[in-house]
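Trainee: This is input.cif (mmCIF, C-alpha atoms and all ligand atoms).
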data_upload
#
loop_
_atom_site.label_atom_id
_atom_site.label_comp_id
_atom_site.auth_asym_id
_atom_site.auth_seq_id
_atom_site.Cartn_x
_atom_site.Cartn_y
_atom_site.Cartn_z
CA LEU A 1 -70.59 -120.82 -8.45
CA ILE A 2 -72.45 -121.18 -11.72
CA GLY A 3 -74.51 -124.31 -12.38
CA LYS A 4 -75.65 -126.07 -15.53
CA ALA A 5 -79.09 -124.43 -15.44
CA ASP A 6 -77.55 -120.94 -15.22
CA VAL A 7 -75.30 -121.60 -18.20
CA GLU A 8 -78.22 -122.93 -20.22
CA ARG A 9 -80.37 -119.94 -19.29
CA SER A 10 -77.66 -117.45 -20.31
CA VAL A 11 -77.21 -119.18 -23.70
CA LEU A 12 -80.97 -119.13 -24.38
CA ASP A 13 -81.10 -115.43 -23.42
CA TRP A 14 -78.13 -114.64 -25.66
CA LEU A 15 -79.86 -116.27 -28.64
CA ALA A 16 -83.07 -114.31 -27.99
CA THR A 17 -81.30 -110.95 -27.68
CA HIS A 18 -79.19 -111.57 -30.81
CA GLU A 19 -82.13 -112.47 -33.07
CA ALA A 20 -81.57 -109.43 -35.31
CA ASP A 21 -77.94 -110.45 -36.00
CA THR A 22 -79.04 -113.99 -36.86
CA ILE A 23 -81.66 -112.70 -39.30
CA GLU A 24 -79.16 -110.28 -40.86
CA LEU A 25 -76.67 -113.09 -41.52
CA LEU A 26 -79.47 -115.18 -43.01
CA ARG A 27 -80.35 -112.35 -45.39
CA GLU A 28 -76.67 -111.94 -46.32
CA LEU A 29 -76.51 -115.64 -47.25
CA ILE A 30 -79.76 -115.49 -49.25
CA ARG A 31 -78.19 -112.72 -51.32
CA GLN A 32 -75.53 -115.28 -52.36
CA PRO A 33 -77.20 -117.36 -55.12
CA SER A 34 -75.46 -120.60 -54.15
CA VAL A 35 -77.08 -122.92 -56.68
CA PRO A 36 -75.20 -126.21 -57.27
CA GLY A 37 -71.81 -125.36 -58.73
CA MET A 38 -71.95 -121.76 -57.48
CA GLU A 39 -71.56 -122.27 -53.73
CA TYR A 40 -68.17 -120.56 -53.42
CA GLY A 41 -69.28 -117.04 -52.43
CA ALA A 42 -71.64 -118.23 -49.71
CA GLN A 43 -69.02 -120.65 -48.39
CA GLN A 44 -66.56 -117.74 -48.05
CA VAL A 45 -69.12 -116.00 -45.82
CA VAL A 46 -69.35 -119.14 -43.67
CA LEU A 47 -65.56 -119.50 -43.57
CA ARG A 48 -65.20 -115.90 -42.33
CA GLN A 49 -67.83 -116.49 -39.65
CA LEU A 50 -66.06 -119.60 -38.35
CA THR A 51 -62.66 -117.91 -38.39
CA ASP A 52 -64.19 -114.93 -36.60
CA LEU A 53 -65.39 -117.31 -33.87
CA GLY A 54 -61.78 -118.34 -33.34
CA LEU A 55 -62.37 -121.87 -34.62
CA ASP A 56 -59.91 -123.91 -36.63
CA ALA A 57 -61.75 -123.54 -39.98
CA VAL A 58 -60.76 -125.20 -43.23
CA CYS A 59 -62.09 -125.78 -46.73
CA GLU A 60 -62.16 -129.36 -47.88
CA GLU A 61 -62.54 -130.14 -51.57
CA VAL A 62 -64.46 -133.15 -52.87
CA ASP A 63 -62.01 -135.69 -54.28
CA VAL A 64 -64.12 -137.22 -57.05
CA ALA A 65 -61.62 -140.05 -57.68
CA THR A 66 -62.10 -141.22 -54.10
CA VAL A 67 -65.85 -140.70 -53.61
CA SER A 68 -66.90 -142.02 -57.01
CA ALA A 69 -65.75 -145.50 -55.92
CA LEU A 70 -67.90 -145.45 -52.77
CA PRO A 71 -71.41 -146.77 -52.17
CA GLY A 72 -73.79 -143.81 -51.96
CA TYR A 73 -71.99 -141.81 -54.66
CA SER A 74 -74.19 -139.96 -57.16
CA GLU A 75 -72.81 -139.06 -60.57
CA THR A 76 -74.01 -135.48 -61.02
CA GLY A 77 -72.38 -134.41 -64.29
CA ARG A 78 -71.03 -131.35 -62.44
CA GLY A 79 -67.44 -130.89 -61.32
CA TYR A 80 -66.29 -129.94 -57.83
CA ALA A 81 -63.80 -127.14 -58.52
CA ASN A 82 -64.42 -124.18 -56.18
CA ARG A 83 -67.12 -126.11 -54.33
CA PRO A 84 -65.49 -126.83 -50.98
CA SER A 85 -67.11 -128.00 -47.79
CA VAL A 86 -66.31 -125.62 -44.95
CA VAL A 87 -65.48 -127.28 -41.65
CA GLY A 88 -64.91 -125.61 -38.27
CA ARG A 89 -63.51 -127.58 -35.36
CA TRP A 90 -63.97 -126.80 -31.68
CA PRO A 91 -62.12 -129.31 -29.47
CA GLY A 92 -63.77 -130.11 -26.15
CA THR A 93 -62.05 -130.31 -22.77
CA GLY A 94 -62.41 -134.10 -22.86
CA GLY A 95 -64.72 -136.79 -21.53
CA GLY A 96 -67.83 -135.75 -23.49
CA ARG A 97 -69.61 -137.02 -26.58
CA SER A 98 -68.55 -135.50 -29.88
CA LEU A 99 -70.97 -133.95 -32.37
CA ILE A 100 -71.13 -132.96 -36.03
CA LEU A 101 -73.45 -129.98 -36.63
CA SER A 102 -74.17 -129.90 -40.33
CA SER A 103 -76.29 -128.06 -42.90
CA HIS A 104 -76.14 -127.42 -46.64
CA ILE A 105 -75.23 -124.20 -48.40
CA ASP A 106 -76.53 -125.08 -51.88
CA VAL A 107 -80.03 -124.13 -53.05
CA VAL A 108 -82.06 -125.31 -56.02
CA PRO A 109 -82.14 -122.95 -59.01
CA VAL A 110 -84.88 -120.39 -59.59
CA GLU A 111 -86.45 -121.13 -62.99
CA SER A 112 -87.87 -117.62 -63.33
CA CYS A 113 -88.21 -114.74 -60.88
CA SER A 114 -91.46 -113.72 -62.53
CA GLY A 115 -93.64 -116.03 -60.44
CA TRP A 116 -92.19 -114.71 -57.18
CA THR A 117 -93.94 -112.01 -55.14
CA TYR A 118 -90.53 -110.83 -53.87
CA ASP A 119 -87.04 -111.09 -55.38
CA PRO A 120 -85.80 -114.61 -54.48
CA TRP A 121 -82.25 -113.31 -53.95
CA ARG A 122 -83.03 -110.44 -51.58
CA GLY A 123 -84.45 -111.90 -48.37
CA LYS A 124 -87.37 -109.53 -47.93
CA ILE A 125 -89.31 -109.68 -44.67
CA VAL A 126 -93.09 -109.30 -44.85
CA GLY A 127 -95.59 -110.18 -42.10
CA GLY A 128 -93.15 -112.23 -40.02
CA ARG A 129 -91.95 -114.23 -42.99
CA LEU A 130 -88.56 -114.02 -44.66
CA TYR A 131 -88.80 -114.72 -48.40
CA GLY A 132 -86.12 -116.03 -50.71
CA ARG A 133 -84.52 -119.06 -52.30
CA GLY A 134 -82.91 -120.91 -49.42
CA ALA A 135 -84.98 -119.03 -46.81
CA CYS A 136 -86.28 -122.40 -45.64
CA ASP A 137 -83.98 -124.89 -47.34
CA ASP A 138 -81.35 -124.49 -46.03
CA LYS A 139 -79.71 -121.16 -45.24
CA PRO A 140 -81.37 -121.14 -41.76
CA GLY A 141 -79.52 -124.39 -41.01
CA ILE A 142 -76.17 -122.73 -41.66
CA VAL A 143 -77.10 -119.61 -39.69
CA LEU A 144 -78.56 -121.51 -36.71
CA ASN A 145 -75.44 -123.63 -36.31
CA LEU A 146 -73.29 -120.49 -36.43
CA ALA A 147 -75.54 -118.64 -33.95
CA VAL A 148 -75.38 -121.50 -31.46
CA LEU A 149 -71.60 -121.63 -31.73
CA ARG A 150 -71.38 -117.86 -31.36
CA ALA A 151 -73.56 -117.87 -28.24
CA LEU A 152 -71.44 -120.57 -26.61
CA ARG A 153 -68.13 -118.96 -27.57
CA GLU A 154 -69.03 -115.41 -26.61
CA LEU A 155 -70.38 -116.52 -23.22
CA GLY A 156 -67.19 -118.48 -22.55
CA VAL A 157 -69.02 -121.81 -22.33
CA ARG A 158 -66.72 -124.82 -22.56
CA LEU A 159 -67.92 -128.21 -23.80
CA ARG A 160 -66.43 -131.57 -22.89
CA GLY A 161 -67.04 -133.18 -26.30
CA ASP A 162 -65.65 -131.95 -29.62
CA VAL A 163 -67.95 -130.05 -31.97
CA GLU A 164 -67.41 -129.95 -35.72
CA VAL A 165 -69.51 -127.57 -37.82
CA GLN A 166 -69.94 -128.57 -41.46
CA SER A 167 -71.34 -126.41 -44.24
CA VAL A 168 -71.66 -128.64 -47.29
CA PRO A 169 -72.32 -127.89 -50.98
CA ASP A 170 -74.02 -130.34 -53.35
CA GLU A 171 -76.78 -131.63 -51.05
CA GLU A 172 -79.69 -130.94 -53.38
CA GLY A 173 -78.46 -132.67 -56.51
CA GLY A 174 -75.94 -135.21 -55.28
CA GLY A 175 -74.83 -135.39 -51.67
CA ASN A 176 -71.25 -136.22 -52.54
CA ALA A 177 -69.73 -133.50 -50.33
CA THR A 178 -71.05 -135.07 -47.13
CA LEU A 179 -70.06 -138.49 -48.45
CA ALA A 180 -66.54 -137.12 -49.06
CA LEU A 181 -66.28 -135.77 -45.49
CA CYS A 182 -67.39 -139.13 -44.08
CA ALA A 183 -64.92 -140.94 -46.34
CA SER A 184 -62.00 -138.69 -45.36
CA GLY A 185 -62.41 -139.60 -41.72
CA HIS A 186 -64.73 -136.97 -40.22
CA ARG A 187 -66.36 -138.82 -37.37
CA ALA A 188 -68.40 -138.02 -34.28
CA ASP A 189 -70.66 -139.77 -31.79
CA ALA A 190 -73.64 -138.15 -33.55
CA ALA A 191 -74.52 -135.79 -36.39
CA LEU A 192 -77.33 -133.23 -36.25
CA PHE A 193 -78.27 -132.07 -39.74
CA VAL A 194 -80.13 -128.77 -39.49
CA ASP A 195 -82.62 -128.14 -42.31
CA GLY A 196 -86.11 -126.69 -42.69
CA VAL A 197 -88.11 -129.68 -41.46
CA ARG A 198 -90.85 -127.79 -39.60
CA CYS A 199 -89.60 -128.15 -36.03
CA THR A 200 -89.75 -131.95 -36.20
CA ALA A 201 -87.09 -134.64 -36.11
CA VAL A 202 -86.68 -136.58 -39.34
CA THR A 203 -85.22 -140.05 -38.96
CA GLY A 204 -86.49 -141.71 -42.13
CA PHE A 205 -86.73 -140.88 -45.78
CA MET A 206 -87.52 -142.50 -49.10
CA GLY A 207 -84.96 -143.48 -51.71
CA GLN A 208 -84.65 -141.50 -54.90
CA SER A 209 -83.19 -142.04 -58.35
CA TRP A 210 -82.69 -139.34 -61.00
CA PHE A 211 -82.15 -140.17 -64.63
CA ARG A 212 -81.62 -138.71 -68.08
CA ALA A 213 -83.19 -140.24 -71.20
CA THR A 214 -81.91 -139.41 -74.67
CA VAL A 215 -84.36 -140.27 -77.44
CA ARG A 216 -83.03 -140.19 -81.01
CA GLY A 217 -85.18 -139.32 -84.01
CA ALA A 218 -84.51 -138.78 -87.70
CA PRO A 219 -84.01 -135.06 -88.29
CA ALA A 220 -85.67 -133.41 -91.28
CA GLY A 221 -86.23 -129.89 -92.55
CA GLY A 222 -89.49 -128.09 -93.34
CA VAL A 223 -89.42 -129.02 -97.01
CA ASP A 224 -89.46 -132.76 -96.31
CA LEU A 225 -90.91 -133.21 -92.83
CA GLU A 226 -92.38 -136.59 -93.81
CA ARG A 227 -88.87 -138.07 -94.06
CA GLY A 228 -88.26 -137.34 -90.36
CA VAL A 229 -89.03 -139.25 -87.17
CA ASN A 230 -89.84 -136.82 -84.39
CA PRO A 231 -88.29 -137.78 -81.03
CA ILE A 232 -90.55 -135.44 -79.00
CA PRO A 233 -93.76 -137.53 -79.21
CA LEU A 234 -91.62 -140.64 -78.66
CA ALA A 235 -90.27 -139.06 -75.47
CA GLY A 236 -93.90 -138.34 -74.56
CA LYS A 237 -94.72 -142.06 -74.80
CA LEU A 238 -91.82 -142.87 -72.48
CA ILE A 239 -92.87 -140.16 -70.01
CA ASP A 240 -96.45 -141.52 -70.01
CA ALA A 241 -95.07 -144.99 -69.22
CA LEU A 242 -93.11 -143.58 -66.28
CA TYR A 243 -96.25 -141.93 -64.87
CA ARG A 244 -97.95 -145.34 -65.17
CA LEU A 245 -95.00 -146.83 -63.26
CA GLU A 246 -95.63 -144.28 -60.50
CA ASP A 247 -99.28 -145.42 -60.34
CA GLU A 248 -98.27 -149.07 -60.18
CA MET A 249 -95.68 -148.49 -57.46
CA ASN A 250 -98.25 -146.60 -55.37
CA GLU A 251 -100.98 -149.19 -55.97
CA THR A 252 -98.83 -152.11 -54.81
CA LEU A 253 -97.90 -150.56 -51.45
CA ASP A 254 -98.73 -152.69 -48.43
CA VAL A 255 -98.70 -149.78 -45.99
CA PRO A 256 -98.94 -146.01 -46.42
CA TYR A 257 -95.62 -144.28 -45.96
CA GLY A 258 -95.24 -141.41 -43.50
CA GLY A 259 -99.00 -140.88 -43.52
CA VAL A 260 -98.96 -140.16 -47.26
CA GLU A 261 -101.33 -142.16 -49.46
CA ARG A 262 -99.32 -141.89 -52.70
CA PRO A 263 -95.74 -141.50 -51.53
CA VAL A 264 -94.10 -142.61 -54.79
CA ARG A 265 -93.70 -139.66 -57.10
CA PHE A 266 -92.34 -139.58 -60.61
CA ASN A 267 -91.50 -136.17 -61.98
CA VAL A 268 -90.15 -135.06 -65.32
CA GLY A 269 -88.29 -131.85 -64.52
CA GLN A 270 -86.46 -130.92 -67.70
CA ILE A 271 -86.95 -131.52 -71.40
CA HIS A 272 -84.81 -130.26 -74.27
CA ALA A 273 -85.27 -130.74 -78.00
CA GLY A 274 -85.13 -128.94 -81.29
CA ALA A 275 -84.09 -125.54 -82.60
CA TRP A 276 -86.73 -124.61 -85.15
CA SER A 277 -90.53 -124.90 -85.30
CA ASN A 278 -90.84 -126.44 -88.76
CA SER A 279 -87.93 -128.84 -88.43
CA VAL A 280 -87.90 -132.34 -86.95
CA PRO A 281 -85.36 -132.45 -84.10
CA ALA A 282 -82.57 -135.01 -84.07
CA ARG A 283 -83.04 -135.84 -80.42
CA CYS A 284 -85.06 -135.16 -77.31
CA VAL A 285 -83.51 -135.32 -73.85
CA PHE A 286 -85.60 -135.41 -70.71
CA GLU A 287 -84.60 -135.68 -67.07
CA GLY A 288 -86.68 -136.89 -64.20
CA GLN A 289 -86.75 -138.55 -60.84
CA ILE A 290 -88.66 -141.28 -59.06
CA ASN A 291 -88.65 -142.06 -55.37
CA PHE A 292 -89.19 -145.40 -53.71
CA LEU A 293 -89.85 -146.94 -50.30
CA PRO A 294 -86.92 -147.58 -47.94
CA CYS A 295 -87.68 -151.33 -48.05
CA ARG A 296 -86.60 -151.30 -51.73
CA GLU A 297 -83.09 -150.84 -53.02
CA LEU A 298 -81.74 -148.31 -55.48
CA ALA A 299 -80.89 -151.02 -58.03
CA TRP A 300 -84.51 -152.24 -57.89
CA ALA A 301 -85.85 -148.73 -58.56
CA GLN A 302 -83.45 -148.25 -61.46
CA ASP A 303 -84.60 -151.59 -62.89
CA GLN A 304 -88.22 -150.47 -62.66
CA VAL A 305 -87.38 -147.37 -64.72
CA ARG A 306 -85.42 -149.41 -67.29
CA GLN A 307 -88.24 -151.95 -67.55
CA ALA A 308 -90.99 -149.33 -67.99
CA ILE A 309 -88.99 -147.82 -70.85
CA ALA A 310 -88.11 -151.22 -72.34
CA ASP A 311 -91.82 -152.12 -72.54
CA VAL A 312 -92.49 -149.07 -74.72
CA VAL A 313 -89.38 -149.68 -76.81
CA ALA A 314 -90.42 -153.29 -77.53
CA ASN A 315 -93.71 -152.10 -79.04
CA ASP A 316 -92.38 -149.27 -81.20
CA PRO A 317 -90.51 -150.21 -84.39
CA TRP A 318 -88.40 -147.03 -84.49
CA LEU A 319 -87.47 -147.16 -80.78
CA HIS A 320 -86.81 -150.88 -81.10
CA ASP A 321 -84.17 -150.15 -83.74
CA HIS A 322 -82.96 -146.93 -82.04
CA PRO A 323 -83.28 -147.59 -78.30
CA PRO A 324 -83.13 -144.52 -76.07
CA GLU A 325 -80.11 -144.10 -73.84
CA ILE A 326 -80.92 -144.07 -70.11
CA ARG A 327 -78.34 -142.74 -67.69
CA PHE A 328 -78.79 -142.45 -63.95
CA VAL A 329 -77.43 -138.94 -63.43
CA GLY A 330 -78.08 -136.90 -60.29
CA VAL A 331 -79.18 -138.15 -56.89
CA GLN A 332 -78.97 -141.92 -56.42
CA ALA A 333 -79.99 -142.48 -52.84
CA ASP A 334 -81.27 -145.46 -50.92
CA GLY A 335 -84.05 -144.78 -48.46
CA CYS A 336 -83.71 -145.30 -44.75
CA HIS A 337 -85.77 -145.85 -41.66
CA ASP A 338 -83.26 -145.31 -38.94
CA THR A 339 -83.59 -146.90 -35.52
CA SER A 340 -80.00 -146.43 -34.37
CA THR A 341 -80.56 -143.10 -32.67
CA PRO A 342 -82.67 -143.52 -29.49
CA GLU A 343 -80.16 -141.67 -27.28
CA LEU A 344 -79.75 -138.86 -29.80
CA LEU A 345 -83.55 -138.51 -30.13
CA CYS A 346 -83.98 -138.60 -26.37
CA VAL A 347 -81.56 -135.69 -25.77
CA LEU A 348 -82.90 -133.71 -28.74
CA GLY A 349 -86.53 -134.38 -27.78
CA ALA A 350 -85.94 -133.13 -24.23
CA ALA A 351 -84.24 -129.97 -25.55
CA HIS A 352 -87.15 -129.39 -27.95
CA LYS A 353 -89.72 -129.85 -25.18
CA ASP A 354 -87.89 -127.49 -22.80
CA VAL A 355 -88.10 -124.72 -25.41
CA TRP A 356 -91.44 -125.39 -27.11
CA GLY A 357 -93.33 -127.00 -24.23
CA THR A 358 -94.58 -129.80 -26.49
CA GLU A 359 -93.36 -133.25 -27.47
CA MET A 360 -91.06 -133.36 -30.48
CA VAL A 361 -92.69 -135.03 -33.50
CA ILE A 362 -90.53 -137.72 -35.11
CA ARG A 363 -91.36 -138.49 -38.73
CA ASP A 364 -90.36 -139.93 -42.08
CA ILE A 365 -90.29 -137.77 -45.21
CA GLN A 366 -90.52 -138.44 -48.95
CA GLY A 367 -87.41 -136.42 -49.79
CA PHE A 368 -83.79 -137.39 -49.18
CA ILE A 369 -81.26 -135.86 -46.78
CA ASP A 370 -77.50 -136.03 -46.39
CA THR A 371 -78.03 -137.79 -43.03
CA ARG A 372 -77.97 -141.01 -45.10
CA HIS A 373 -74.20 -140.72 -45.44
CA TYR A 374 -73.57 -140.31 -41.70
CA LEU A 375 -75.85 -143.28 -41.02
CA THR A 376 -74.07 -145.55 -43.51
CA HIS A 377 -70.79 -144.55 -41.85
CA GLY A 378 -72.10 -145.61 -38.45
CA ILE A 379 -72.79 -142.11 -37.12
CA PRO A 380 -76.25 -141.76 -35.52
CA SER A 381 -77.88 -138.86 -37.31
CA VAL A 382 -81.13 -136.94 -37.31
CA CYS A 383 -82.44 -133.91 -39.16
CA TYR A 384 -84.05 -131.04 -37.24
CA GLY A 385 -84.81 -127.42 -38.09
CA PRO A 386 -87.22 -124.50 -38.27
CA LEU A 387 -90.60 -123.99 -39.91
CA GLY A 388 -90.88 -122.68 -43.44
CA ALA A 389 -92.67 -123.50 -46.65
CA ASN A 390 -92.38 -123.67 -50.44
CA ALA A 391 -88.89 -125.18 -50.36
CA HIS A 392 -87.67 -125.59 -53.99
CA GLY A 393 -90.79 -123.69 -55.13
CA VAL A 394 -92.02 -120.15 -55.68
CA ASP A 395 -92.16 -117.76 -52.70
CA GLU A 396 -90.07 -119.99 -50.43
CA TYR A 397 -90.15 -118.53 -46.93
CA LEU A 398 -89.19 -118.99 -43.28
CA GLU A 399 -91.52 -118.32 -40.36
CA LEU A 400 -89.19 -115.97 -38.52
CA ASP A 401 -90.67 -116.60 -35.07
CA THR A 402 -89.40 -120.20 -35.24
CA LEU A 403 -85.77 -119.11 -35.70
CA VAL A 404 -84.87 -118.30 -32.08
CA PRO A 405 -86.70 -121.26 -30.47
CA THR A 406 -85.01 -123.62 -32.96
CA ALA A 407 -81.63 -122.09 -32.16
CA GLN A 408 -82.38 -122.50 -28.45
CA ALA A 409 -83.39 -126.15 -28.84
CA ILE A 410 -80.20 -126.85 -30.82
CA ALA A 411 -78.10 -125.04 -28.21
CA LEU A 412 -79.60 -127.06 -25.33
CA PHE A 413 -79.04 -130.23 -27.34
CA VAL A 414 -75.39 -129.34 -28.02
CA MET A 415 -74.67 -128.53 -24.36
CA ARG A 416 -76.35 -131.70 -23.11
CA TRP A 417 -74.98 -134.02 -25.77
CA CYS A 418 -71.39 -132.83 -25.51
CA GLY A 419 -71.56 -132.02 -21.78
CA LEU A 420 -70.65 -128.77 -20.05
CA ALA A 421 -67.19 -128.38 -18.57
CA LEU A 422 -68.07 -126.34 -15.48
ZN ZN B 501 -82.38 -129.10 -47.57
#
Re-express the file's structure as structure tokens.
Mentor:
Amino acid sequence: LIGKADVERSVLDWLATHEADTIELLRELIRQPSVPGMEYGAQQVVLRQLTDLGLDAVCEEVDVATVSALPGYSETGRGYANRPSVVGRWPGTGGGRSLILSSHIDVVPVESCSGWTYDPWRGKIVGGRLYGRGACDDKPGIVLNLAVLRALRELGVRLRGDVEVQSVPDEEGGGNATLALCASGHRADAALFVDGVRCTAVTGFMGQSWFRATVRGAPAGGVDLERGVNPIPLAGKLIDALYRLEDEMNETLDVPYGGVERPVRFNVGQIHAGAWSNSVPARCVFEGQINFLPCRELAWAQDQVRQAIADVVANDPWLHDHPPEIRFVGVQADGCHDTSTPELLCVLGAAHKDVWGTEMVIRDIQGFIDTRHYLTHGIPSVCYGPLGANAHGVDEYLELDTLVPTAQAIALFVMRWCGLAL
């Protein structure tokens, strides 16, 4: 007769002895440059893995006509052709709690490889760290969910509750793929979103709004520069005003957020203008983002941005007559401080403690996560995952010795949440 503890022990052992396979799959996925819009190749790898596990695996496209009408939709300016979510279903024997195990396949672009110590698309291992774009955020999430499923399947473990594995595109710059899955009826009693959150549980996050400003000037050539109005310095005035808005929003906080003194961050991330050094450009386009506390709403944050720009426009004769166009393109996410998940956190925290021997830290972060969509659809959701650093930056890496313990904690959580059918 085999008991629950024996099954758990054999799953943990399996994950430890198969570490090399898990790392190899992670490196294979890092070699797929799945930046937003280019997730197809990596998703095919995931689809093959799920099919290989004998799961009912399907691709589900994002239906823009449906999701664009929903609260939580972000207009990204990118289409969704060849950007499917990959979903694998494992029905339970019955009587247990169901679970969505999710993670995102997309990674942010690499501006230039030149700043990197190692090729961002190779997955080189040096000194216990695996380097590459997505090495922390979030290829380990995909690989950990697959490893846990593989351990359970190969050992013949049966769960009472249904498990659905989701690998979603579009998390970094939109989040519409998860929204689409929620909208098309994917439901469970809980969702665990696995991402590189340093072996903690993330239940809260700030809101965020991305925007694009188009500033028009009066173009002129080198022979009559004085006839032109240059939109680049005008854009600079607007950008300065947005940095002042960041200061104001931080200075008016009643309480620090997540232990961070200045949690509100404005960033200008892209700027485009001109084609020739002694010509005045016709327009300057810049794109940026500002985040805001969960107690505020998206519409409020967007108003703050509009107002900061309007104040500059009112005091500049050219801008007054040629107001810049502001469009909220990219992530439009409300913040959240979730308190609907005590049972989920209790089971996950116990699993974490059994593996790590320490209490699981529960925290709020400044970034945004797709868990917001599960939560707004009534599905308790938390984000958990391994330790890495430099996500979105240069020399992104994963601490490899956190991979197996994180897989083990997730596996214990899955078995205890869904229930073992012994
Ligand atoms: Zn992520």
Trainee: Check which residues fall inside 7 Å of ligand ZN 501 (chain B) when counting only C-alpha atoms and all ligand atoms, and print them as a list in words.
Mentor: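 The residues near ligand ZN 501 (chain B) are His104, Asp137, Asp138, Glu172, Asp195, Gly196 and Ile369 of chain A.
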Trainee: Out of A:Gly161, A:Gly127, A:Gly207, A:Gly115, which residue has the shortest atom-to-atom distance to Gly367 (chain A) when counting all atoms listed in the file?
Mentor: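 Looking at the shortest contact to Gly367 (chain A), the residue is A:Gly207.
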Trainee: Between CA of Leu422 (chain A) and CA of Ala151 (chain A), what is the distance, to one decimal in Å?
Mentor: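 Computing the Euclidean distance for CA of Leu422 (chain A) and CA of Ala151 (chain A) yields 16.3 Å.
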Trainee: Excluding region 199-203 of chain A and residues on its chain fewer than 6 positions from it, collect all residues at most 10 Å away from it, counting only C-alpha atoms, and give them as a ChimeraX atom specification.
Mentor: /A:192-193,336-341,345,348-349,352,356,359-365,369,371-372,380-388,402-403,405-406,409
Trainee: Include C-alpha atoms and write out the residues we just selected as a PDB file, in the frame of the given file.
Mentor:
ATOM      1  CA  LEU A 192     -77.330-133.230 -36.250  1.00  0.00           C
ATOM      2  CA  PHE A 193     -78.270-132.070 -39.740  1.00  0.00           C
ATOM      3  CA  CYS A 336     -83.710-145.300 -44.750  1.00  0.00           C
ATOM      4  CA  HIS A 337     -85.770-145.850 -41.660  1.00  0.00           C
ATOM      5  CA  ASP A 338     -83.260-145.310 -38.940  1.00  0.00           C
ATOM      6  CA  THR A 339     -83.590-146.900 -35.520  1.00  0.00           C
ATOM      7  CA  SER A 340     -80.000-146.430 -34.370  1.00  0.00           C
ATOM      8  CA  THR A 341     -80.560-143.100 -32.670  1.00  0.00           C
ATOM      9  CA  LEU A 345     -83.550-138.510 -30.130  1.00  0.00           C
ATOM     10  CA  LEU A 348     -82.900-133.710 -28.740  1.00  0.00           C
ATOM     11  CA  GLY A 349     -86.530-134.380 -27.780  1.00  0.00           C
ATOM     12  CA  HIS A 352     -87.150-129.390 -27.950  1.00  0.00           C
ATOM     13  CA  TRP A 356     -91.440-125.390 -27.110  1.00  0.00           C
ATOM     14  CA  GLU A 359     -93.360-133.250 -27.470  1.00  0.00           C
ATOM     15  CA  MET A 360     -91.060-133.360 -30.480  1.00  0.00           C
ATOM     16  CA  VAL A 361     -92.690-135.030 -33.500  1.00  0.00           C
ATOM     17  CA  ILE A 362     -90.530-137.720 -35.110  1.00  0.00           C
ATOM     18  CA  ARG A 363     -91.360-138.490 -38.730  1.00  0.00           C
ATOM     19  CA  ASP A 364     -90.360-139.930 -42.080  1.00  0.00           C
ATOM     20  CA  ILE A 365     -90.290-137.770 -45.210  1.00  0.00           C
ATOM     21  CA  ILE A 369     -81.260-135.860 -46.780  1.00  0.00           C
ATOM     22  CA  THR A 371     -78.030-137.790 -43.030  1.00  0.00           C
ATOM     23  CA  ARG A 372     -77.970-141.010 -45.100  1.00  0.00           C
ATOM     24  CA  PRO A 380     -76.250-141.760 -35.520  1.00  0.00           C
ATOM     25  CA  SER A 381     -77.880-138.860 -37.310  1.00  0.00           C
ATOM     26  CA  VAL A 382     -81.130-136.940 -37.310  1.00  0.00           C
ATOM     27  CA  CYS A 383     -82.440-133.910 -39.160  1.00  0.00           C
ATOM     28  CA  TYR A 384     -84.050-131.040 -37.240  1.00  0.00           C
ATOM     29  CA  GLY A 385     -84.810-127.420 -38.090  1.00  0.00           C
ATOM     30  CA  PRO A 386     -87.220-124.500 -38.270  1.00  0.00           C
ATOM     31  CA  LEU A 387     -90.600-123.990 -39.910  1.00  0.00           C
ATOM     32  CA  GLY A 388     -90.880-122.680 -43.440  1.00  0.00           C
ATOM     33  CA  THR A 402     -89.400-120.200 -35.240  1.00  0.00           C
ATOM     34  CA  LEU A 403     -85.770-119.110 -35.700  1.00  0.00           C
ATOM     35  CA  PRO A 405     -86.700-121.260 -30.470  1.00  0.00           C
ATOM     36  CA  THR A 406     -85.010-123.620 -32.960  1.00  0.00           C
ATOM     37  CA  ALA A 409     -83.390-126.150 -28.840  1.00  0.00           C
TER      38      ALA A 409
END
Trainee: Taking only C-alpha atoms into account, which of A:Ala411, A:Leu253, A:Val108, A:Val45 comes nearest Phe292 (chain A)?
Mentor: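 Smallest distance to Phe292 (chain A) is found for A:Leu253.
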Trainee: Would you please work out which residue, of A:Cys182, A:Leu144, A:Leu130, A:Val329, is nearest to Val62 (chain A) when using only C-alpha atoms?
Mentor: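 Nearest to Val62 (chain A): A:Cys182.
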Trainee: With only C-alpha atoms counted, which protein, DNA or RNA residues have an atom no more than 9 Å from (-94.2, -143.3, -61.0) in the file frame? Please answer as a PyMOL selection string.
Mentor: chain A and resi 241-250+264-267+289-291+305
Trainee: What's the 7 Å shell around Leu420 (chain A), counting only C-alpha atoms, without same-chain residues fewer than 5 positions away, as a PDB file with C-alpha atoms, keeping the file's coordinate frame?
Mentor:
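Wrote selection_24.pdb, looks like this:
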ATOM      1  CA  ARG A 158     -66.720-124.820 -22.560  1.00  0.00           C
ATOM      2  CA  LEU A 159     -67.920-128.210 -23.800  1.00  0.00           C
ATOM      3  CA  ARG A 160     -66.430-131.570 -22.890  1.00  0.00           C
ATOM      4  CA  MET A 415     -74.670-128.530 -24.360  1.00  0.00           C
TER       5      MET A 415
END
Trainee: Please compute the CA of Leu50 (chain A)-CA of Gly88 (chain A) distance, one decimal, in Å.
Mentor: 6.1 Å
